[in-house]
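Trainee: target.pdb is reproduced in full below (PDB, C-alpha atoms and all ligand atoms).
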```
ATOM      1  CA  MET A   1     -42.590 -23.421  86.152
ATOM      2  CA  GLU A   2     -38.904 -23.265  85.458
ATOM      3  CA  VAL A   3     -37.703 -24.516  82.062
ATOM      4  CA  ASN A   4     -34.531 -25.874  83.669
ATOM      5  CA  ASP A   5     -34.245 -29.677  83.133
ATOM      6  CA  LYS A   6     -37.482 -29.813  81.098
ATOM      7  CA  VAL A   7     -38.107 -31.684  77.846
ATOM      8  CA  VAL A   8     -39.530 -29.068  75.502
ATOM      9  CA  ILE A   9     -41.097 -29.347  72.044
ATOM     10  CA  ILE A  10     -41.403 -26.161  69.974
ATOM     11  CA  THR A  11     -43.265 -25.987  66.667
ATOM     12  CA  GLY A  12     -42.310 -23.361  64.115
ATOM     13  CA  ALA A  13     -38.771 -23.539  65.519
ATOM     14  CA  ALA A  14     -36.980 -22.876  62.226
ATOM     15  CA  SER A  15     -37.707 -19.154  62.263
ATOM     16  CA  GLY A  16     -38.594 -16.053  64.254
ATOM     17  CA  ILE A  17     -40.208 -16.524  67.664
ATOM     18  CA  GLY A  18     -39.942 -20.350  67.592
ATOM     19  CA  ALA A  19     -36.185 -20.247  67.000
ATOM     20  CA  ALA A  20     -35.822 -17.605  69.737
ATOM     21  CA  LEU A  21     -37.858 -19.769  72.135
ATOM     22  CA  GLY A  22     -35.507 -22.664  71.338
ATOM     23  CA  ARG A  23     -32.437 -20.560  72.156
ATOM     24  CA  ALA A  24     -34.051 -19.199  75.338
ATOM     25  CA  CYS A  25     -35.037 -22.696  76.571
ATOM     26  CA  LEU A  26     -31.515 -24.020  75.947
ATOM     27  CA  THR A  27     -30.019 -21.041  77.800
ATOM     28  CA  ALA A  28     -32.473 -21.639  80.658
ATOM     29  CA  GLY A  29     -31.094 -25.180  81.023
ATOM     30  CA  ALA A  30     -33.749 -27.309  79.309
ATOM     31  CA  ARG A  31     -32.829 -31.015  79.299
ATOM     32  CA  ALA A  32     -33.804 -31.302  75.625
ATOM     33  CA  VAL A  33     -35.354 -28.972  73.057
ATOM     34  CA  ILE A  34     -37.039 -30.607  70.099
ATOM     35  CA  GLY A  35     -37.649 -28.157  67.274
ATOM     36  CA  ALA A  36     -40.373 -29.064  64.800
ATOM     37  CA  ASP A  37     -41.066 -27.291  61.541
ATOM     38  CA  LEU A  38     -41.795 -27.912  57.868
ATOM     39  CA  ARG A  39     -38.062 -27.634  57.301
ATOM     40  CA  THR A  40     -35.170 -28.258  59.662
ATOM     41  CA  ALA A  41     -32.796 -25.566  58.320
ATOM     42  CA  GLY A  42     -32.732 -22.518  60.582
ATOM     43  CA  MET A  43     -33.283 -24.340  63.876
ATOM     44  CA  PRO A  44     -31.052 -23.117  66.718
ATOM     45  CA  GLN A  45     -27.875 -25.041  67.474
ATOM     46  CA  GLY A  46     -28.466 -27.554  70.232
ATOM     47  CA  CYS A  47     -32.082 -28.257  69.240
ATOM     48  CA  GLU A  48     -33.039 -31.699  68.028
ATOM     49  CA  ALA A  49     -34.487 -30.826  64.651
ATOM     50  CA  ARG A  50     -37.512 -32.699  63.399
ATOM     51  CA  GLN A  51     -39.595 -32.216  60.311
ATOM     52  CA  CYS A  52     -43.288 -31.924  61.129
ATOM     53  CA  ASP A  53     -46.301 -30.423  59.413
ATOM     54  CA  VAL A  54     -48.503 -29.290  62.303
ATOM     55  CA  THR A  55     -51.644 -29.539  60.188
ATOM     56  CA  ARG A  56     -51.142 -33.332  60.155
ATOM     57  CA  GLU A  57     -52.319 -35.067  63.309
ATOM     58  CA  ASP A  58     -50.300 -38.221  62.481
ATOM     59  CA  GLN A  59     -47.109 -36.112  62.328
ATOM     60  CA  ILE A  60     -47.825 -34.392  65.655
ATOM     61  CA  VAL A  61     -48.493 -37.773  67.274
ATOM     62  CA  ASP A  62     -45.220 -39.138  65.818
ATOM     63  CA  LEU A  63     -43.345 -36.095  67.141
ATOM     64  CA  VAL A  64     -44.723 -36.565  70.653
ATOM     65  CA  ARG A  65     -44.298 -40.363  70.730
ATOM     66  CA  ALA A  66     -40.713 -40.139  69.414
ATOM     67  CA  THR A  67     -39.888 -37.555  72.117
ATOM     68  CA  GLU A  68     -41.516 -39.654  74.837
ATOM     69  CA  SER A  69     -39.580 -42.738  73.817
ATOM     70  CA  ARG A  70     -36.253 -40.892  73.513
ATOM     71  CA  HIS A  71     -36.556 -38.631  76.572
ATOM     72  CA  GLY A  72     -39.220 -40.367  78.675
ATOM     73  CA  ARG A  73     -41.694 -37.485  78.635
ATOM     74  CA  VAL A  74     -42.755 -34.128  77.214
ATOM     75  CA  ASP A  75     -42.809 -31.433  79.909
ATOM     76  CA  VAL A  76     -43.557 -28.404  77.779
ATOM     77  CA  PHE A  77     -45.239 -28.213  74.381
ATOM     78  CA  CYS A  78     -44.934 -24.830  72.660
ATOM     79  CA  SER A  79     -47.527 -24.669  69.870
ATOM     80  CA  ASN A  80     -45.942 -21.780  68.093
ATOM     81  CA  ALA A  81     -46.112 -22.402  64.318
ATOM     82  CA  GLY A  82     -48.468 -19.950  62.700
ATOM     83  CA  VAL A  83     -49.270 -18.115  59.479
ATOM     84  CA  LEU A  84     -50.615 -14.691  58.616
ATOM     85  CA  THR A  85     -52.491 -14.282  55.359
ATOM     86  CA  PRO A  86     -53.209 -10.569  54.818
ATOM     87  CA  GLY A  87     -56.632  -9.537  53.590
ATOM     88  CA  TRP A  88     -59.745  -7.726  54.761
ATOM     89  CA  ASP A  89     -62.568  -8.293  52.265
ATOM     90  CA  VAL A  90     -64.839 -11.246  53.000
ATOM     91  CA  ARG A  91     -66.448 -10.747  49.589
ATOM     92  CA  GLU A  92     -63.245 -12.093  48.085
ATOM     93  CA  ALA A  93     -62.754 -14.844  50.663
ATOM     94  CA  ASP A  94     -60.840 -17.930  49.561
ATOM     95  CA  PHE A  95     -62.121 -20.555  51.976
ATOM     96  CA  ALA A  96     -59.382 -23.022  51.111
ATOM     97  CA  LEU A  97     -56.992 -20.442  52.594
ATOM     98  CA  TRP A  98     -59.256 -19.970  55.618
ATOM     99  CA  GLU A  99     -59.203 -23.725  56.217
ATOM    100  CA  ARG A 100     -55.433 -23.952  55.839
ATOM    101  CA  ASP A 101     -54.838 -21.108  58.302
ATOM    102  CA  TRP A 102     -57.450 -22.543  60.692
ATOM    103  CA  ARG A 103     -55.568 -25.843  60.733
ATOM    104  CA  ILE A 104     -52.199 -24.188  61.423
ATOM    105  CA  ASN A 105     -53.290 -21.461  63.864
ATOM    106  CA  VAL A 106     -55.954 -23.375  65.820
ATOM    107  CA  LEU A 107     -56.359 -27.090  65.111
ATOM    108  CA  SER A 108     -52.649 -27.794  65.562
ATOM    109  CA  HIS A 109     -52.949 -26.525  69.165
ATOM    110  CA  ALA A 110     -55.831 -28.937  69.812
ATOM    111  CA  MET A 111     -53.959 -31.824  68.141
ATOM    112  CA  ALA A 112     -50.864 -31.152  70.248
ATOM    113  CA  ALA A 113     -52.939 -31.019  73.441
ATOM    114  CA  LYS A 114     -54.622 -34.320  72.534
ATOM    115  CA  ALA A 115     -51.236 -35.956  71.962
ATOM    116  CA  VAL A 116     -49.382 -34.696  75.064
ATOM    117  CA  LEU A 117     -52.058 -34.426  77.742
ATOM    118  CA  PRO A 118     -52.404 -38.153  78.565
ATOM    119  CA  GLY A 119     -48.716 -38.420  79.540
ATOM    120  CA  MET A 120     -48.747 -35.063  81.360
ATOM    121  CA  ILE A 121     -51.894 -35.932  83.348
ATOM    122  CA  GLU A 122     -50.402 -39.300  84.284
ATOM    123  CA  ARG A 123     -47.350 -37.503  85.732
ATOM    124  CA  GLY A 124     -49.488 -34.762  87.294
ATOM    125  CA  GLU A 125     -47.668 -31.930  85.529
ATOM    126  CA  GLY A 126     -47.098 -30.350  82.163
ATOM    127  CA  TYR A 127     -47.124 -26.996  80.390
ATOM    128  CA  LEU A 128     -48.755 -25.866  77.154
ATOM    129  CA  LEU A 129     -47.426 -22.584  75.781
ATOM    130  CA  ASN A 130     -49.662 -21.616  72.864
ATOM    131  CA  THR A 131     -48.505 -18.739  70.713
ATOM    132  CA  ALA A 132     -51.605 -16.742  69.898
ATOM    133  CA  SER A 133     -51.166 -13.003  69.282
ATOM    134  CA  ALA A 134     -52.394  -9.609  70.431
ATOM    135  CA  GLY A 135     -54.574 -10.157  67.333
ATOM    136  CA  GLY A 136     -56.301 -12.919  69.325
ATOM    137  CA  LEU A 137     -57.646 -10.287  71.741
ATOM    138  CA  LEU A 138     -57.703  -7.165  69.597
ATOM    139  CA  ALA A 139     -58.740  -7.372  65.953
ATOM    140  CA  ALA A 140     -56.111  -5.799  63.704
ATOM    141  CA  PRO A 141     -56.647  -4.081  60.341
ATOM    142  CA  GLU A 142     -55.909  -6.105  57.185
ATOM    143  CA  THR A 143     -55.919  -9.419  59.057
ATOM    144  CA  MET A 144     -59.395 -10.961  58.792
ATOM    145  CA  ILE A 145     -58.378 -14.639  58.876
ATOM    146  CA  TYR A 146     -55.596 -14.059  61.385
ATOM    147  CA  THR A 147     -57.854 -12.107  63.759
ATOM    148  CA  THR A 148     -60.469 -14.873  63.581
ATOM    149  CA  THR A 149     -58.121 -17.822  64.033
ATOM    150  CA  LYS A 150     -56.047 -16.173  66.771
ATOM    151  CA  HIS A 151     -59.216 -15.331  68.745
ATOM    152  CA  ALA A 152     -60.066 -19.042  68.495
ATOM    153  CA  ALA A 153     -56.555 -19.947  69.648
ATOM    154  CA  VAL A 154     -56.997 -17.808  72.786
ATOM    155  CA  GLY A 155     -60.423 -19.371  73.393
ATOM    156  CA  LEU A 156     -59.022 -22.886  73.135
ATOM    157  CA  ALA A 157     -56.079 -22.055  75.417
ATOM    158  CA  GLU A 158     -58.447 -20.616  78.018
ATOM    159  CA  PHE A 159     -60.631 -23.722  77.867
ATOM    160  CA  LEU A 160     -57.611 -26.005  78.292
ATOM    161  CA  ALA A 161     -56.324 -23.839  81.166
ATOM    162  CA  PHE A 162     -59.388 -24.142  83.377
ATOM    163  CA  THR A 163     -60.208 -27.731  82.407
ATOM    164  CA  TYR A 164     -56.851 -29.385  83.103
ATOM    165  CA  ARG A 165     -55.482 -27.134  85.846
ATOM    166  CA  ARG A 166     -56.585 -29.526  88.602
ATOM    167  CA  TYR A 167     -54.482 -32.263  86.950
ATOM    168  CA  GLY A 168     -51.353 -30.137  87.305
ATOM    169  CA  ILE A 169     -51.420 -28.775  83.750
ATOM    170  CA  ARG A 170     -50.596 -25.120  83.163
ATOM    171  CA  VAL A 171     -51.434 -23.201  80.003
ATOM    172  CA  SER A 172     -50.275 -19.821  78.743
ATOM    173  CA  ALA A 173     -51.350 -17.883  75.667
ATOM    174  CA  LEU A 174     -48.434 -15.839  74.350
ATOM    175  CA  CYS A 175     -49.898 -12.631  72.889
ATOM    176  CA  PRO A 176     -47.267 -10.415  71.292
ATOM    177  CA  MET A 177     -48.071  -7.507  69.002
ATOM    178  CA  GLY A 178     -45.448  -6.669  66.338
ATOM    179  CA  VAL A 179     -42.329  -8.856  66.321
ATOM    180  CA  ARG A 180     -39.537  -8.393  63.800
ATOM    181  CA  THR A 181     -39.681 -11.791  62.012
ATOM    182  CA  PRO A 182     -40.340 -12.939  58.435
ATOM    183  CA  MET A 183     -44.072 -13.032  59.285
ATOM    184  CA  LEU A 184     -44.164  -9.291  59.867
ATOM    185  CA  GLU A 185     -42.658  -8.722  56.423
ATOM    186  CA  ASN A 186     -45.897 -10.167  55.036
ATOM    187  CA  LEU A 187     -47.782  -7.381  56.717
ATOM    188  CA  ASP A 188     -45.179  -4.742  55.814
ATOM    189  CA  ALA A 189     -46.200  -5.215  52.188
ATOM    190  CA  THR A 190     -49.764  -4.055  53.017
ATOM    191  CA  GLY A 191     -48.631  -1.074  55.092
ATOM    192  CA  ALA A 192     -50.594  -2.385  58.097
ATOM    193  CA  SER A 193     -47.493  -3.020  60.206
ATOM    194  CA  ALA A 194     -46.733   0.738  60.164
ATOM    195  CA  GLY A 195     -49.644   1.207  62.598
ATOM    196  CA  LEU A 196     -48.165  -1.175  65.185
ATOM    197  CA  ASP A 197     -47.434   0.435  68.507
ATOM    198  CA  GLY A 198     -43.974  -0.982  69.221
ATOM    199  CA  VAL A 199     -42.117  -3.793  67.487
ATOM    200  CA  LEU A 200     -39.998  -6.194  69.568
ATOM    201  CA  SER A 201     -37.305  -8.676  68.596
ATOM    202  CA  ALA A 202     -38.066 -12.396  68.702
ATOM    203  CA  ASP A 203     -35.511 -12.774  71.517
ATOM    204  CA  GLU A 204     -37.363 -10.183  73.636
ATOM    205  CA  VAL A 205     -40.605 -12.099  73.100
ATOM    206  CA  ALA A 206     -38.941 -15.400  74.047
ATOM    207  CA  ALA A 207     -37.559 -13.825  77.241
ATOM    208  CA  ALA A 208     -41.077 -12.613  78.120
ATOM    209  CA  ALA A 209     -42.422 -16.127  77.479
ATOM    210  CA  ILE A 210     -39.875 -17.713  79.839
ATOM    211  CA  ALA A 211     -40.715 -15.098  82.520
ATOM    212  CA  GLY A 212     -44.461 -15.618  81.979
ATOM    213  CA  MET A 213     -44.129 -19.398  82.355
ATOM    214  CA  ARG A 214     -42.049 -18.895  85.498
ATOM    215  CA  GLU A 215     -44.995 -16.960  86.976
ATOM    216  CA  GLU A 216     -47.514 -19.333  85.338
ATOM    217  CA  ARG A 217     -49.470 -16.412  83.897
ATOM    218  CA  PHE A 218     -52.248 -17.275  81.451
ATOM    219  CA  LEU A 219     -51.928 -14.224  79.210
ATOM    220  CA  ILE A 220     -48.338 -13.317  78.430
ATOM    221  CA  PHE A 221     -47.963  -9.801  77.000
ATOM    222  CA  PRO A 222     -44.415  -9.075  75.816
ATOM    223  CA  HIS A 223     -45.733  -5.594  74.837
ATOM    224  CA  PRO A 224     -47.207  -4.170  78.077
ATOM    225  CA  ASN A 225     -49.482  -1.733  76.166
ATOM    226  CA  VAL A 226     -51.541  -4.693  74.880
ATOM    227  CA  ALA A 227     -52.971  -5.195  78.393
ATOM    228  CA  ASP A 228     -54.087  -1.534  78.403
ATOM    229  CA  TYR A 229     -55.704  -1.848  74.966
ATOM    230  CA  TYR A 230     -57.452  -5.051  76.031
ATOM    231  CA  LEU A 231     -58.853  -3.374  79.136
ATOM    232  CA  SER A 232     -59.969  -0.347  77.186
ATOM    233  CA  LYS A 233     -61.698  -2.549  74.579
ATOM    234  CA  ALA A 234     -63.473  -4.600  77.268
ATOM    235  CA  THR A 235     -64.801  -1.555  79.073
ATOM    236  CA  ARG A 236     -65.699   0.592  76.015
ATOM    237  CA  HIS A 237     -66.218  -1.783  73.119
ATOM    238  CA  ASP A 238     -68.227   0.589  70.904
ATOM    239  CA  LYS A 239     -65.630   3.318  71.249
ATOM    240  CA  TRP A 240     -62.985   0.722  70.423
ATOM    241  CA  LEU A 241     -64.844  -0.219  67.231
ATOM    242  CA  LYS A 242     -64.864   3.441  66.111
ATOM    243  CA  THR A 243     -61.089   3.616  66.540
ATOM    244  CA  MET A 244     -60.668   0.387  64.582
ATOM    245  CA  GLU A 245     -63.017   1.659  61.881
ATOM    246  CA  SER A 246     -60.798   4.645  61.196
ATOM    247  CA  LEU A 247     -57.675   2.456  61.204
ATOM    248  CA  GLN A 248     -59.262  -0.053  58.815
ATOM    249  CA  ALA A 249     -60.467   2.762  56.549
ATOM    250  CA  GLN A 250     -56.826   3.424  55.679
ATOM    251  CA  PHE A 251     -56.772   0.058  53.904
ATOM    252  CA  THR A 252     -60.276  -0.445  52.626
ATOM    253  CA  ASP A 253     -62.393   1.115  49.973
ATOM    254  CA  VAL A 254     -65.629  -0.783  49.652
ATOM    255  CA  GLY A 255     -66.949   1.637  47.034
ATOM    256  CA  GLN A 256     -70.551   2.760  46.794
ATOM    257  CA  PRO A 257     -73.357   0.234  47.234
TER     258      PRO A 257
HETATM  259  N1  LIG B   1     -44.238 -11.712  64.030
HETATM  260  C1  LIG B   1     -45.236 -11.135  64.680
HETATM  261  O1  LIG B   1     -45.412  -9.902  64.598
HETATM  262  C2  LIG B   1     -46.158 -11.958  65.537
HETATM  263  C3  LIG B   1     -47.025 -11.271  66.410
HETATM  264  C4  LIG B   1     -47.894 -12.001  67.203
HETATM  265  C5  LIG B   1     -47.909 -13.379  67.127
HETATM  266  N2  LIG B   1     -47.078 -14.025  66.269
HETATM  267  C6  LIG B   1     -47.167 -15.486  66.221
HETATM  268  O2  LIG B   1     -45.919 -16.052  66.553
HETATM  269  C7  LIG B   1     -45.798 -17.344  65.952
HETATM  270  C8  LIG B   1     -44.463 -17.427  65.244
HETATM  271  O3  LIG B   1     -44.447 -16.452  64.224
HETATM  272  P1  LIG B   1     -43.121 -15.754  63.683
HETATM  273  O4  LIG B   1     -43.361 -14.307  63.698
HETATM  274  O5  LIG B   1     -41.936 -16.331  64.351
HETATM  275  O6  LIG B   1     -43.230 -16.201  62.161
HETATM  276  P2  LIG B   1     -42.196 -16.912  61.173
HETATM  277  O7  LIG B   1     -42.878 -16.861  59.852
HETATM  278  O8  LIG B   1     -40.850 -16.321  61.329
HETATM  279  O9  LIG B   1     -42.154 -18.405  61.721
HETATM  280  C9  LIG B   1     -43.247 -19.274  61.634
HETATM  281  C10 LIG B   1     -42.719 -20.682  61.488
HETATM  282  O10 LIG B   1     -43.845 -21.569  61.468
HETATM  283  C11 LIG B   1     -43.558 -22.578  60.505
HETATM  284  N3  LIG B   1     -44.778 -23.207  60.003
HETATM  285  C12 LIG B   1     -45.739 -22.652  59.232
HETATM  286  N4  LIG B   1     -46.649 -23.588  58.889
HETATM  287  C13 LIG B   1     -46.256 -24.748  59.479
HETATM  288  C14 LIG B   1     -46.763 -26.064  59.480
HETATM  289  N5  LIG B   1     -47.881 -26.372  58.802
HETATM  290  N6  LIG B   1     -46.102 -27.003  60.168
HETATM  291  C15 LIG B   1     -44.959 -26.698  60.847
HETATM  292  N7  LIG B   1     -44.421 -25.479  60.866
HETATM  293  C16 LIG B   1     -45.064 -24.511  60.175
HETATM  294  C17 LIG B   1     -42.831 -21.835  59.390
HETATM  295  O11 LIG B   1     -42.104 -22.747  58.564
HETATM  296  C18 LIG B   1     -41.930 -20.900  60.181
HETATM  297  O12 LIG B   1     -40.663 -21.467  60.443
HETATM  298  C19 LIG B   1     -47.007 -17.487  65.034
HETATM  299  O13 LIG B   1     -47.995 -18.268  65.647
HETATM  300  C20 LIG B   1     -47.477 -16.059  64.866
HETATM  301  O14 LIG B   1     -48.838 -15.981  64.550
HETATM  302  C21 LIG B   1     -46.199 -13.354  65.483
END
```
In structure tokens, write the structure found in this file.

Mentor:
Amino acid sequence: MEVNDKVVIITGAASGIGAALGRACLTAGARAVIGADLRTAGMPQGCEARQCDVTREDQIVDLVRATESRHGRVDVFCSNAGVLTPGWDVREADFALWERDWRINVLSHAMAAKAVLPGMIERGEGYLLNTASAGGLLAAPETMIYTTTKHAAVGLAEFLAFTYRRYGIRVSALCPMGVRTPMLENLDATGASAGLDGVLSADEVAAAAIAGMREERFLIFPHPNVADYYLSKATRHDKWLKTMESLQAQFTDVGQP
């Protein structure tokens, strides 16, 4: 699918990858780019900025309905807003935080799909670009909630991809590793980002997303080494766990039983 002439909604568009996706879609000739975020400051010039909390289904529905009535349709919905809460010890789990992150990183993708799919199916075409993460395929140290929710995000995207494909709907899961955005600074504080094998700019990730959608690839890997890691994990999972154990040990000290 080409983004040219498309009506595109992007959540999390006030920062990092979302803002870069907005710029890339405008450069690629999108008819309209609607940026949605908790705040409108920081959205790229040329985006229609809209305040939206993606954990609220009523606000996602309003966003989609307002776009449909102003532009006639939604061609592409980029569910990109996300949060990373560092932490590794389930013994200290704060389940209110788990639920908040679950709503942002997973449920918002399902809510967006519920809101846009009827119109897309009626027209026989539409694209869902769901920003997951390499952490949705490969668990990463220090990121217990993120690893869990991003795996769920990939699972949901895969389910949507094979269920609605015959109605003309295409789905991609964008799976970057490290990207230099405010989110990564969260991880910098724990030291875990130092172990990342290659950090890209948000603009490089957005360019990979546009190319991936052009080829209608399900998994989009802006960092090519993620595909190699994924293959190596799938074929030698126990060996993979040993590698992860030594990485995680740099952050954890569970003490003696
Ligand atoms: N930065 C990385 O290293 C990296 C790597 C892989 C995947 N990702 C994913 O990319 C996506 C974008 O992350 P980023 O790095 O640009 O982070 P970021 O922190 O720069 O931007 C995230 C944006 O999401 C918005 N947001 C958060 N909660 C929201 C809510 N409830 N409603 C609406 N908007 C909300 C924030 O206001 C912010 O503008 C996320 O899904 C993230 O998990 C990031």

Trainee: Ranking A:Asn4, A:Thr40, A:Asn130, A:Thr252 by minimum distance to A:Ala19 and counting all atoms listed in the file, which one comes first?

Mentor: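 Of A:Asn4, A:Thr40, A:Asn130, A:Thr252, the one nearest A:Ala19, counting all atoms listed in the file, is A:Thr40.
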
Trainee: Any idea what's packed within 12 Å of A:Gly191, counting all atoms listed in the file, ignoring anything in its chain fewer than 5 positions away? Could you give it as a VMD selection string?

Mentor: chain A and resid 86 to 87 141 to 143 184 to 186 196 247 to 248 250 to 252

Trainee: For a cut-off of 10 Å around (-54.2, -10.1, 60.1), file coordinates, pick out all residues using all atoms listed in the file and list them as a PyMOL selection string.

Mentor: chain A and resi 83-88+135-136+139-150+186-187+192-193

Trainee: If the PyMOL selection byres (((not hetatm)) within 7 of (chain B and resi 1)) were run on this exact file, what residues would it hold? Put them as a ChimeraX atom specification.

Mentor: /A:11-18,36-39,52-55,80-84,104-105,131-135,175-184

Trainee: Given only C-alpha atoms as the basis, pick out the residue of A:Val90, A:Leu156, A:Val76, A:Leu63 nearest to A:Leu107.

Mentor: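 Among the listed residues, the smallest separation from A:Leu107 belongs to A:Leu156.
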
Trainee: For A:Ala173, which residue out of A:Glu204, A:Glu57, A:Glu158, A:Glu122 is the nearest one, using only C-alpha atoms?

Mentor: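 Closest residue, counting only C-alpha atoms: A:Glu158.
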